[in-house]
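Peer 1: You'll find upload01.cif just under this line, and it carries mmCIF, C-alpha atoms.
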```
data_protein
#
loop_
_atom_site.label_atom_id
_atom_site.label_comp_id
_atom_site.auth_asym_id
_atom_site.auth_seq_id
_atom_site.Cartn_x
_atom_site.Cartn_y
_atom_site.Cartn_z
CA MET A 81 15.17 -8.77 10.20
CA ILE A 82 11.85 -8.76 12.07
CA ALA A 83 10.99 -12.08 13.70
CA ASP A 84 7.36 -11.64 14.79
CA LEU A 85 4.36 -11.95 12.48
CA ILE A 86 3.51 -8.52 11.11
CA PRO A 87 -0.07 -7.24 10.86
CA VAL A 88 -1.00 -5.63 7.56
CA ILE A 89 -3.32 -2.65 7.08
CA ILE A 90 -5.08 -2.36 3.74
CA PRO A 91 -6.72 1.07 3.23
CA ALA A 92 -9.74 0.34 1.04
CA ALA A 93 -12.11 3.21 1.71
CA GLY A 94 -11.43 5.07 -1.54
CA THR A 95 -13.79 5.32 -4.50
CA GLY A 96 -11.23 5.22 -7.32
CA ARG A 97 -12.80 7.94 -9.45
CA ARG A 98 -10.13 7.69 -12.17
CA MET A 99 -11.28 4.16 -13.01
CA LYS A 100 -14.61 5.55 -14.27
CA ALA A 101 -16.39 2.46 -12.93
CA ASP A 102 -19.72 2.02 -11.18
CA ILE A 103 -18.07 0.44 -8.15
CA PRO A 104 -14.82 1.18 -6.26
CA LYS A 105 -11.79 -0.16 -8.12
CA GLN A 106 -10.90 -2.64 -5.37
CA TYR A 107 -14.10 -4.53 -6.21
CA LEU A 108 -13.52 -4.80 -9.95
CA LYS A 109 -12.81 -8.38 -10.98
CA ILE A 110 -9.74 -10.04 -12.47
CA HIS A 111 -9.93 -13.76 -13.29
CA GLY A 112 -13.21 -14.07 -11.37
CA LYS A 113 -11.94 -12.50 -8.14
CA THR A 114 -12.01 -8.90 -7.02
CA VAL A 115 -8.82 -6.88 -6.90
CA LEU A 116 -9.12 -6.74 -3.12
CA GLU A 117 -9.47 -10.52 -2.86
CA HIS A 118 -6.29 -11.00 -4.89
CA THR A 119 -4.47 -8.51 -2.66
CA VAL A 120 -5.67 -10.01 0.62
CA SER A 121 -4.93 -13.55 -0.52
CA GLN A 122 -1.41 -12.63 -1.56
CA LEU A 123 -0.72 -11.10 1.85
CA LEU A 124 -2.40 -13.87 3.84
CA SER A 125 -0.27 -16.50 2.13
CA HIS A 126 3.05 -14.88 3.04
CA PRO A 127 4.72 -16.50 6.07
CA ALA A 128 5.78 -13.17 7.63
CA THR A 129 2.33 -11.63 7.86
CA GLY A 130 -0.25 -11.95 10.62
CA GLN A 131 -3.65 -10.33 10.89
CA ILE A 132 -4.95 -8.45 7.86
CA ILE A 133 -6.92 -5.32 8.73
CA VAL A 134 -9.05 -4.02 5.88
CA ALA A 135 -10.33 -0.48 6.38
CA VAL A 136 -13.43 0.28 4.31
CA SER A 137 -16.09 2.97 4.45
CA ASP A 138 -19.00 2.39 6.81
CA ASP A 139 -21.50 2.34 3.94
CA ASP A 140 -19.47 -0.15 1.87
CA PRO A 141 -21.93 -2.88 0.76
CA TYR A 142 -19.38 -5.05 -1.05
CA PHE A 143 -16.76 -6.23 1.43
CA GLU A 144 -18.96 -8.57 3.44
CA ARG A 145 -19.84 -10.45 0.25
CA LEU A 146 -16.22 -11.46 -0.32
CA THR A 147 -14.96 -14.89 0.67
CA VAL A 148 -11.95 -13.36 2.44
CA ALA A 149 -14.29 -11.36 4.71
CA GLY A 150 -14.94 -14.54 6.68
CA HIS A 151 -11.29 -15.49 7.11
CA PRO A 152 -10.31 -15.65 10.81
CA GLU A 153 -7.20 -13.52 10.17
CA VAL A 154 -9.10 -10.77 8.31
CA LYS A 155 -10.69 -7.93 10.28
CA ARG A 156 -12.84 -5.09 8.94
CA VAL A 157 -12.55 -1.60 10.43
CA SER A 158 -13.99 1.77 9.51
CA GLY A 159 -12.09 3.90 7.04
CA GLY A 160 -11.81 7.68 7.08
CA LYS A 161 -12.13 10.63 4.76
CA GLU A 162 -8.46 10.62 3.75
CA ARG A 163 -5.95 7.79 3.50
CA SER A 164 -4.15 9.00 6.63
CA ASP A 165 -7.44 8.97 8.58
CA THR A 166 -8.10 5.43 7.38
CA VAL A 167 -4.66 4.20 8.45
CA LEU A 168 -4.98 5.92 11.83
CA ASN A 169 -8.31 4.16 12.41
CA ALA A 170 -6.74 0.83 11.52
CA LEU A 171 -3.72 1.42 13.77
CA ALA A 172 -6.04 2.21 16.67
CA ALA A 173 -7.89 -1.06 16.01
CA LEU A 174 -4.76 -3.19 16.39
CA PRO A 175 -4.88 -5.54 19.41
CA GLU A 176 -3.01 -4.14 22.42
CA LYS A 177 -0.26 -6.75 22.12
CA LEU A 178 0.57 -5.43 18.65
CA GLN A 179 0.56 -1.73 19.54
CA SER A 180 4.28 -1.69 20.28
CA GLY A 181 5.37 -3.76 17.29
CA TRP A 182 5.65 -3.38 13.53
CA VAL A 183 2.97 -2.92 10.91
CA MET A 184 2.79 -3.02 7.13
CA VAL A 185 0.50 -0.83 5.06
CA HIS A 186 -0.34 -2.04 1.57
CA ASP A 187 -2.52 -0.53 -1.14
CA ALA A 188 -5.74 -2.42 -1.84
CA ALA A 189 -5.18 -1.87 -5.56
CA ARG A 190 -1.75 -3.56 -5.68
CA PRO A 191 -2.68 -7.22 -6.15
CA CYS A 192 0.53 -8.17 -7.98
CA VAL A 193 3.04 -7.69 -5.16
CA ARG A 194 5.51 -10.56 -5.14
CA HIS A 195 6.18 -12.68 -2.08
CA GLU A 196 9.90 -12.29 -2.69
CA ASP A 197 9.56 -8.50 -2.45
CA ILE A 198 7.63 -8.72 0.82
CA SER A 199 10.40 -10.97 2.15
CA ARG A 200 13.05 -8.56 0.95
CA LEU A 201 11.32 -5.72 2.79
CA VAL A 202 11.00 -7.67 6.04
CA ASP A 203 14.55 -9.00 5.85
CA GLY A 204 15.96 -5.58 4.98
CA ILE A 205 14.58 -3.82 8.06
CA SER A 206 16.16 -4.29 11.49
CA GLU A 207 14.73 -3.55 14.91
CA GLN A 208 16.95 -0.46 15.04
CA ASP A 209 15.48 1.05 11.86
CA CYS A 210 12.47 3.36 11.77
CA GLY A 211 11.14 1.36 8.83
CA GLY A 212 11.23 1.25 5.06
CA ILE A 213 9.30 0.90 1.84
CA LEU A 214 9.39 -1.06 -1.38
CA ALA A 215 10.42 1.16 -4.27
CA VAL A 216 11.92 1.07 -7.76
CA PRO A 217 14.43 3.52 -9.23
CA VAL A 218 13.07 5.93 -11.83
CA ARG A 219 14.23 4.83 -15.29
CA ASP A 220 12.33 7.21 -17.56
CA THR A 221 13.23 10.80 -18.34
CA MET A 222 11.21 12.97 -15.99
CA LYS A 223 9.58 16.28 -17.01
CA ARG A 224 8.05 19.01 -14.85
CA SER A 225 5.20 20.96 -16.41
CA VAL A 226 4.61 24.67 -16.05
CA GLN A 227 1.07 24.26 -17.35
CA THR A 228 -1.02 21.20 -18.08
CA CYS A 229 0.76 20.19 -21.30
CA LEU A 230 3.83 22.43 -21.46
CA ILE A 231 7.25 21.35 -20.22
CA GLU A 232 9.04 23.66 -17.81
CA HIS A 233 12.20 21.59 -17.52
CA THR A 234 13.64 18.08 -17.31
CA VAL A 235 14.07 16.72 -13.79
CA ASP A 236 17.31 14.95 -12.93
CA ARG A 237 16.26 11.36 -12.26
CA VAL A 238 19.40 10.47 -10.30
CA GLY A 239 18.26 9.50 -6.82
CA LEU A 240 14.55 9.44 -7.74
CA TRP A 241 12.43 6.41 -6.85
CA HIS A 242 8.87 5.28 -7.44
CA ALA A 243 7.35 4.58 -4.01
CA LEU A 244 5.45 1.30 -3.77
CA THR A 245 3.83 -0.69 -0.99
CA PRO A 246 4.00 -2.48 1.37
CA GLN A 247 5.52 0.13 3.65
CA LEU A 248 6.77 -1.13 7.00
CA PHE A 249 7.06 0.94 10.17
CA GLN A 250 6.96 0.69 13.94
CA VAL A 251 3.39 1.23 15.13
CA PRO A 252 4.02 3.95 17.77
CA ALA A 253 6.21 6.05 15.45
CA LEU A 254 3.79 5.78 12.52
CA TYR A 255 0.77 6.62 14.65
CA GLU A 256 2.52 9.68 16.08
CA ALA A 257 3.70 10.88 12.66
CA LEU A 258 0.28 10.54 11.04
CA SER A 259 -1.48 12.15 14.01
CA LEU A 260 0.87 15.13 14.14
CA ALA A 261 0.78 15.61 10.37
CA LYS A 262 -3.01 15.70 10.51
CA ALA A 263 -3.02 18.14 13.44
CA ASN A 264 -0.66 20.45 11.54
CA GLY A 265 -2.59 20.30 8.27
CA ILE A 266 0.23 18.49 6.46
CA VAL A 267 -0.92 16.55 3.39
CA VAL A 268 0.68 13.10 3.27
CA THR A 269 0.23 10.81 0.29
CA ASP A 270 1.68 7.70 1.89
CA GLU A 271 2.90 6.56 5.29
CA SER A 272 6.53 7.26 4.47
CA SER A 273 5.81 10.92 3.74
CA ALA A 274 4.42 11.31 7.27
CA MET A 275 7.53 9.68 8.72
CA GLU A 276 9.77 11.88 6.56
CA TRP A 277 7.94 15.02 7.71
CA LYS A 278 8.57 13.91 11.31
CA GLY A 279 12.30 13.73 10.59
CA TYR A 280 12.81 10.02 9.95
CA HIS A 281 14.69 8.56 7.00
CA PRO A 282 13.01 5.29 5.95
CA LYS A 283 14.97 2.72 3.98
CA LEU A 284 14.39 2.16 0.27
CA ILE A 285 14.11 -1.56 -0.49
CA THR A 286 14.23 -2.35 -4.19
CA GLY A 287 11.16 -4.17 -5.43
CA HIS A 288 9.77 -5.10 -8.85
CA ALA A 289 8.06 -2.67 -11.21
CA ASP A 290 5.23 -5.16 -11.83
CA ASN A 291 3.88 -4.29 -8.36
CA ILE A 292 1.53 -1.86 -10.11
CA LYS A 293 -1.25 0.17 -8.55
CA ILE A 294 -4.50 -0.17 -10.46
CA THR A 295 -5.54 3.41 -11.14
CA GLN A 296 -6.60 3.69 -14.77
CA PRO A 297 -8.91 1.31 -16.71
CA GLU A 298 -6.00 -0.04 -18.77
CA ASP A 299 -4.23 -1.14 -15.58
CA LEU A 300 -6.73 -3.97 -15.14
CA ALA A 301 -5.49 -5.76 -18.25
CA LEU A 302 -1.87 -5.39 -17.17
CA ALA A 303 -2.64 -6.69 -13.69
CA ALA A 304 -4.52 -9.62 -15.24
CA PHE A 305 -1.44 -10.44 -17.30
CA TYR A 306 0.87 -10.37 -14.28
CA LEU A 307 -1.48 -12.44 -12.13
CA ASN A 308 -1.97 -15.00 -14.88
CA ARG A 309 1.80 -15.27 -15.30
CA ASP A 310 2.28 -15.83 -11.57
CA GLU A 311 -0.32 -18.60 -11.53
CA GLU A 312 1.28 -20.55 -14.37
#
```
Reformat the file's structure so that it appears as structure tokens.
Peer 2:
Amino acid sequence: MIADLIPVIIPAAGTGRRMKADIPKQYLKIHGKTVLEHTVSQLLSHPATGQIIVAVSDDDPYFERLTVAGHPEVKRVSGGKERSDTVLNALAALPEKLQSGWVMVHDAARPCVRHEDISRLVDGISEQDCGGILAVPVRDTMKRSVQTCLIEHTVDRVGLWHALTPQLFQVPALYEALSLAKANGIVVTDESSAMEWKGYHPKLITGHADNIKITQPEDLALAAFYLNRDEE
């Protein structure tokens, strides 16, 4: 279990092209608040988290209009071209006193993460671990395609997990892994994949499947349902 307050990085520099919206998906609204506001508020209200660092593009005109932008524990930093660049920028922006500690990284488009899952992640990681991630076991039958719509074979789902966020790692190790992966041209899709490439074996902490990532237009309605349920 980690005792100190943990800073949280939220990469929010993406455009979310698959949403087919006029604005980035993190600024679409659910129940009168943007997706990003829901996400930041959920993280701010957890007792284990400290400063929230939101990494957005330099030409982002939306973030400063949000109520959470003025919160004393919320800091804006410049994002990068790729997610790994964005996280590296945010890690470099951490105050010096936090550079040797732990950090969470959480997707901007996951507003439905439960407090109990964040607690489970924090409680499940010890100071001796390299870190860990929230995840859920794969339940569906998995297929691999040989072409766009043709099945090559069925993938054995035993041992397969859906990776979620937050992901929790020690700052120096994560910074080194992301930096070296970038220098070697390694494509990483989340923080854990950089740590895995470096030779670490992060822990899998079971979370809830309702911690969805808003990616497609229909995800907004599902997120609205989950958020409304949590508020009742």
Peer 1: Name the closest residue to Phe305 in chain A among the candidates A:Phe143, A:His242, A:Ile213, A:His111; distances are taken between atoms, counting all atoms listed in the file.
Peer 2: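 So, comparing all the options, the nearest one is A:His111.
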Peer 1: Please report as CSV every residue of range 148-243 of chain A lying within 12 Å of range 89-110 of chain A, along with the nearest atom pair and their distance in Å (one decimal), using all atoms listed in the file.
Peer 2:
```
residue,atom,partner,partner_atom,distance
A:Glu153,CA,A:Ile89,CA,11.9
A:Val154,CA,A:Ile89,CA,10.0
A:Lys155,CA,A:Ile89,CA,9.6
A:Arg156,CA,A:Ile90,CA,9.7
A:Val157,CA,A:Pro91,CA,9.6
A:Ser158,CA,A:Ala93,CA,8.2
A:Gly159,CA,A:Ala93,CA,5.4
A:Gly160,CA,A:Ala93,CA,7.0
A:Lys161,CA,A:Ala93,CA,8.0
A:Glu162,CA,A:Gly94,CA,8.2
A:Arg163,CA,A:Pro91,CA,6.8
A:Ser164,CA,A:Pro91,CA,9.0
A:Asp165,CA,A:Pro91,CA,9.6
A:Thr166,CA,A:Pro91,CA,6.2
A:Val167,CA,A:Pro91,CA,6.4
A:Leu168,CA,A:Ile89,CA,9.9
A:Asn169,CA,A:Pro91,CA,9.8
A:Ala170,CA,A:Ile89,CA,6.6
A:Leu171,CA,A:Ile89,CA,7.8
A:Ala172,CA,A:Ile89,CA,11.1
A:Ala173,CA,A:Ile89,CA,10.2
A:Leu174,CA,A:Ile89,CA,9.4
A:Trp182,CA,A:Ile89,CA,11.1
A:Val183,CA,A:Ile89,CA,7.4
A:Met184,CA,A:Ile89,CA,6.1
A:Val185,CA,A:Ile89,CA,4.7
A:His186,CA,A:Ile90,CA,5.2
A:Asp187,CA,A:Ile90,CA,5.8
A:Ala188,CA,A:Ile90,CA,5.6
A:Ala189,CA,A:Gln106,CA,5.8
A:Arg190,CA,A:Gln106,CA,9.2
A:Pro191,CA,A:Gln106,CA,9.4
A:Cys192,CA,A:Ile110,CA,11.4
```
Peer 1: When you look at range 256-264 of chain A with a cut-off of 10 Å (counting all atoms listed in the file), what residues show up, excluding the ones that are within fewer than 4 positions of it in the same chain? I need them as a ChimeraX atom specification.
Peer 2: /A:164-165,167-168,251-252,268,270-280
Peer 1: Can you spell out as a ChimeraX atom specification the set of residues that the PyMOL selection byres ((chain A and resi 197) around 8) selects in the structure I just provided?
Peer 2: /A:193-196,198-201,214,286-288
Peer 1: Where's the centre, and what are the edge lengths in Å to one decimal, of a box along x, y and z enclosing all listed atoms of range 146-160 of chain A padded 3 Å per side, as JSON?
Peer 2:
```
{"center_x": -11.7, "center_y": -4.0, "center_z": 5.2, "size_x": 15.0, "size_y": 29.3, "size_z": 17.1}
```
Peer 1: Which is closer to Thr114 in chain A than all the others in A:Val134, A:Val88, A:Cys210, A:Leu146, using all atoms listed in the file?
Peer 2: A:Leu146
Peer 1: Compare A:Leu178, A:Ala304, A:Ile133, A:Met222 by their minimum atom-to-atom distance to Gln250 in chain A, counting only C-alpha atoms, and give me the closest one.
Peer 2: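 When distances to Gln250 in chain A are compared using only C-alpha atoms, the smallest one comes from A:Leu178.
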Peer 1: Enter the distance from CA of Pro217 in chain A to CA of Arg237 in chain A, in Å, rounded to one decimal.
Peer 2: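 Between CA of Pro217 in chain A and CA of Arg237 in chain A the gap works out to 8.6 Å.
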Peer 1: Considering only C-alpha atoms, state which residue in the set A:Glu207, A:Asp299, A:Glu117, A:Asp140 is at the smallest distance from Asp84 in chain A.
Peer 2: A:Glu207
Peer 1: Considering all atoms listed in the file, can you say which of A:Ile82, A:Leu230, A:Ile266, A:Val238 comes closest to Val218 in chain A?
Peer 2: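 Using all atoms listed in the file, Val218 in chain A sits closest to A:Val238.
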Peer 1: Rounded to one decimal, what separation in Å do you get between CA of Gly212 in chain A and CA of Lys283 in chain A?
Peer 2: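 A separation of 4.2 Å between them.
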Peer 1: Can you tell me how far CA of Ile132 in chain A sits from CA of Pro87 in chain A, in Å to one decimal?
Peer 2: 5.9 Å
Peer 1: Expand the PyMOL selection byres ((chain A and resi 85) around 6) into the individual residues it matches in the shown file, reporting them as a list in words.
Peer 2: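 Applied to this file, the PyMOL selection byres ((chain A and resi 85) around 6) selects Asp84, Ile86, Ala128, Thr129 and Gly130 of chain A.
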Peer 1: The selected residues should be written to file as a CSV table (one decimal), in the coordinates of the input (atoms: C-alpha atoms).
Peer 2:
```
chain,number,residue,atom,x,y,z
A,84,ASP,CA,7.4,-11.6,14.8
A,86,ILE,CA,3.5,-8.5,11.1
A,128,ALA,CA,5.8,-13.2,7.6
A,129,THR,CA,2.3,-11.6,7.9
A,130,GLY,CA,-0.2,-12.0,10.6
```
Peer 1: If the PyMOL selection byres ((chain A and resi 233) around 6) were run on this exact file, what residues would it hold? Put them as a PyMOL selection string.
Peer 2: chain A and resi 223-224+231-232+234
Peer 1: Which is closer to Gly181 in chain A than all the others in A:Leu124, A:Ala303, A:Leu116, A:Leu248, using all atoms listed in the file?
Peer 2: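 Checking each candidate against Gly181 in chain A, we get A:Leu248 as the closest.
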Peer 1: Would you please take range 100-138 of chain A of the structure in the block above and write N, CA and C atoms to a file as a PDB file, in the first residue's frame?
Peer 2:
```
ATOM      1  N   LYS A 100     -16.433  11.300 -34.315  1.00  0.00           N
ATOM      2  CA  LYS A 100     -17.073  12.045 -35.403  1.00  0.00           C
ATOM      3  C   LYS A 100     -17.790  13.289 -34.870  1.00  0.00           C
ATOM      4  N   ALA A 101     -17.120  13.991 -33.961  1.00  0.00           N
ATOM      5  CA  ALA A 101     -17.689  15.203 -33.355  1.00  0.00           C
ATOM      6  C   ALA A 101     -16.868  16.412 -33.786  1.00  0.00           C
ATOM      7  N   ASP A 102     -17.455  17.592 -33.594  1.00  0.00           N
ATOM      8  CA  ASP A 102     -16.783  18.832 -33.974  1.00  0.00           C
ATOM      9  C   ASP A 102     -15.718  19.257 -32.973  1.00  0.00           C
ATOM     10  N   ILE A 103     -15.759  18.691 -31.780  1.00  0.00           N
ATOM     11  CA  ILE A 103     -14.792  19.020 -30.741  1.00  0.00           C
ATOM     12  C   ILE A 103     -14.201  17.725 -30.194  1.00  0.00           C
ATOM     13  N   PRO A 104     -13.020  17.785 -29.560  1.00  0.00           N
ATOM     14  CA  PRO A 104     -12.439  16.570 -28.966  1.00  0.00           C
ATOM     15  C   PRO A 104     -13.405  15.918 -27.991  1.00  0.00           C
ATOM     16  N   LYS A 105     -13.378  14.599 -27.943  1.00  0.00           N
ATOM     17  CA  LYS A 105     -14.375  13.845 -27.165  1.00  0.00           C
ATOM     18  C   LYS A 105     -14.368  14.197 -25.680  1.00  0.00           C
ATOM     19  N   GLN A 106     -13.214  14.617 -25.149  1.00  0.00           N
ATOM     20  CA  GLN A 106     -13.168  14.941 -23.723  1.00  0.00           C
ATOM     21  C   GLN A 106     -13.976  16.190 -23.376  1.00  0.00           C
ATOM     22  N   TYR A 107     -14.399  16.927 -24.405  1.00  0.00           N
ATOM     23  CA  TYR A 107     -15.194  18.134 -24.167  1.00  0.00           C
ATOM     24  C   TYR A 107     -16.667  17.966 -24.538  1.00  0.00           C
ATOM     25  N   LEU A 108     -17.047  16.769 -24.946  1.00  0.00           N
ATOM     26  CA  LEU A 108     -18.464  16.479 -25.132  1.00  0.00           C
ATOM     27  C   LEU A 108     -19.130  16.433 -23.759  1.00  0.00           C
ATOM     28  N   LYS A 109     -20.415  16.737 -23.710  1.00  0.00           N
ATOM     29  CA  LYS A 109     -21.077  16.874 -22.410  1.00  0.00           C
ATOM     30  C   LYS A 109     -21.969  15.679 -22.070  1.00  0.00           C
ATOM     31  N   ILE A 110     -21.957  15.356 -20.781  1.00  0.00           N
ATOM     32  CA  ILE A 110     -22.842  14.363 -20.186  1.00  0.00           C
ATOM     33  C   ILE A 110     -23.440  14.996 -18.939  1.00  0.00           C
ATOM     34  N   HIS A 111     -24.763  15.045 -18.869  1.00  0.00           N
ATOM     35  CA  HIS A 111     -25.436  15.661 -17.719  1.00  0.00           C
ATOM     36  C   HIS A 111     -24.938  17.083 -17.451  1.00  0.00           C
ATOM     37  N   GLY A 112     -24.684  17.853 -18.499  1.00  0.00           N
ATOM     38  CA  GLY A 112     -24.313  19.252 -18.347  1.00  0.00           C
ATOM     39  C   GLY A 112     -22.863  19.523 -18.042  1.00  0.00           C
ATOM     40  N   LYS A 113     -22.047  18.478 -17.916  1.00  0.00           N
ATOM     41  CA  LYS A 113     -20.614  18.639 -17.667  1.00  0.00           C
ATOM     42  C   LYS A 113     -19.828  17.897 -18.733  1.00  0.00           C
ATOM     43  N   THR A 114     -18.660  18.405 -19.062  1.00  0.00           N
ATOM     44  CA  THR A 114     -17.852  17.719 -20.056  1.00  0.00           C
ATOM     45  C   THR A 114     -17.313  16.401 -19.494  1.00  0.00           C
ATOM     46  N   VAL A 115     -16.973  15.509 -20.404  1.00  0.00           N
ATOM     47  CA  VAL A 115     -16.377  14.232 -20.009  1.00  0.00           C
ATOM     48  C   VAL A 115     -15.147  14.475 -19.136  1.00  0.00           C
ATOM     49  N   LEU A 116     -14.319  15.419 -19.532  1.00  0.00           N
ATOM     50  CA  LEU A 116     -13.099  15.706 -18.779  1.00  0.00           C
ATOM     51  C   LEU A 116     -13.411  16.217 -17.380  1.00  0.00           C
ATOM     52  N   GLU A 117     -14.443  17.041 -17.237  1.00  0.00           N
ATOM     53  CA  GLU A 117     -14.819  17.534 -15.917  1.00  0.00           C
ATOM     54  C   GLU A 117     -15.260  16.389 -15.008  1.00  0.00           C
ATOM     55  N   HIS A 118     -16.041  15.467 -15.559  1.00  0.00           N
ATOM     56  CA  HIS A 118     -16.445  14.294 -14.773  1.00  0.00           C
ATOM     57  C   HIS A 118     -15.222  13.511 -14.320  1.00  0.00           C
ATOM     58  N   THR A 119     -14.272  13.303 -15.242  1.00  0.00           N
ATOM     59  CA  THR A 119     -13.078  12.526 -14.934  1.00  0.00           C
ATOM     60  C   THR A 119     -12.240  13.204 -13.859  1.00  0.00           C
ATOM     61  N   VAL A 120     -11.971  14.491 -14.049  1.00  0.00           N
ATOM     62  CA  VAL A 120     -11.153  15.229 -13.075  1.00  0.00           C
ATOM     63  C   VAL A 120     -11.825  15.258 -11.708  1.00  0.00           C
ATOM     64  N   SER A 121     -13.112  15.488 -11.680  1.00  0.00           N
ATOM     65  CA  SER A 121     -13.836  15.552 -10.411  1.00  0.00           C
ATOM     66  C   SER A 121     -13.790  14.225  -9.672  1.00  0.00           C
ATOM     67  N   GLN A 122     -13.908  13.138 -10.410  1.00  0.00           N
ATOM     68  CA  GLN A 122     -13.868  11.817  -9.788  1.00  0.00           C
ATOM     69  C   GLN A 122     -12.506  11.552  -9.166  1.00  0.00           C
ATOM     70  N   LEU A 123     -11.456  11.982  -9.826  1.00  0.00           N
ATOM     71  CA  LEU A 123     -10.102  11.784  -9.306  1.00  0.00           C
ATOM     72  C   LEU A 123      -9.804  12.725  -8.147  1.00  0.00           C
ATOM     73  N   LEU A 124     -10.216  13.979  -8.269  1.00  0.00           N
ATOM     74  CA  LEU A 124      -9.974  14.949  -7.197  1.00  0.00           C
ATOM     75  C   LEU A 124     -10.626  14.530  -5.887  1.00  0.00           C
ATOM     76  N   SER A 125     -11.765  13.872  -5.975  1.00  0.00           N
ATOM     77  CA  SER A 125     -12.529  13.539  -4.775  1.00  0.00           C
ATOM     78  C   SER A 125     -12.072  12.249  -4.101  1.00  0.00           C
ATOM     79  N   HIS A 126     -11.066  11.587  -4.675  1.00  0.00           N
ATOM     80  CA  HIS A 126     -10.563  10.371  -4.036  1.00  0.00           C
ATOM     81  C   HIS A 126      -9.491  10.738  -3.007  1.00  0.00           C
ATOM     82  N   PRO A 127      -9.539  10.154  -1.831  1.00  0.00           N
ATOM     83  CA  PRO A 127      -8.600  10.553  -0.765  1.00  0.00           C
ATOM     84  C   PRO A 127      -7.140  10.190  -1.015  1.00  0.00           C
ATOM     85  N   ALA A 128      -6.852   9.313  -1.984  1.00  0.00           N
ATOM     86  CA  ALA A 128      -5.466   8.902  -2.216  1.00  0.00           C
ATOM     87  C   ALA A 128      -4.755   9.755  -3.254  1.00  0.00           C
ATOM     88  N   THR A 129      -5.489  10.611  -3.943  1.00  0.00           N
ATOM     89  CA  THR A 129      -4.875  11.374  -5.031  1.00  0.00           C
ATOM     90  C   THR A 129      -4.485  12.778  -4.589  1.00  0.00           C
ATOM     91  N   GLY A 130      -3.425  13.283  -5.235  1.00  0.00           N
ATOM     92  CA  GLY A 130      -2.961  14.641  -4.973  1.00  0.00           C
ATOM     93  C   GLY A 130      -3.220  15.531  -6.169  1.00  0.00           C
ATOM     94  N   GLN A 131      -2.166  16.136  -6.680  1.00  0.00           N
ATOM     95  CA  GLN A 131      -2.297  17.055  -7.804  1.00  0.00           C
ATOM     96  C   GLN A 131      -2.746  16.318  -9.068  1.00  0.00           C
ATOM     97  N   ILE A 132      -3.624  16.973  -9.818  1.00  0.00           N
ATOM     98  CA  ILE A 132      -4.089  16.440 -11.091  1.00  0.00           C
ATOM     99  C   ILE A 132      -3.435  17.245 -12.207  1.00  0.00           C
ATOM    100  N   ILE A 133      -2.680  16.577 -13.052  1.00  0.00           N
ATOM    101  CA  ILE A 133      -1.990  17.250 -14.153  1.00  0.00           C
ATOM    102  C   ILE A 133      -2.679  16.882 -15.452  1.00  0.00           C
ATOM    103  N   VAL A 134      -3.291  17.864 -16.085  1.00  0.00           N
ATOM    104  CA  VAL A 134      -4.018  17.642 -17.330  1.00  0.00           C
ATOM    105  C   VAL A 134      -3.147  18.133 -18.481  1.00  0.00           C
ATOM    106  N   ALA A 135      -2.811  17.232 -19.383  1.00  0.00           N
ATOM    107  CA  ALA A 135      -1.949  17.567 -20.518  1.00  0.00           C
ATOM    108  C   ALA A 135      -2.800  17.734 -21.766  1.00  0.00           C
ATOM    109  N   VAL A 136      -2.876  18.961 -22.267  1.00  0.00           N
ATOM    110  CA  VAL A 136      -3.683  19.265 -23.445  1.00  0.00           C
ATOM    111  C   VAL A 136      -2.795  19.924 -24.500  1.00  0.00           C
ATOM    112  N   SER A 137      -3.274  19.960 -25.722  1.00  0.00           N
ATOM    113  CA  SER A 137      -2.506  20.581 -26.797  1.00  0.00           C
ATOM    114  C   SER A 137      -2.392  22.088 -26.556  1.00  0.00           C
ATOM    115  N   ASP A 138      -1.340  22.681 -27.071  1.00  0.00           N
ATOM    116  CA  ASP A 138      -1.101  24.103 -26.848  1.00  0.00           C
ATOM    117  C   ASP A 138      -2.195  24.982 -27.450  1.00  0.00           C
TER     118      ASP A 138
END
```
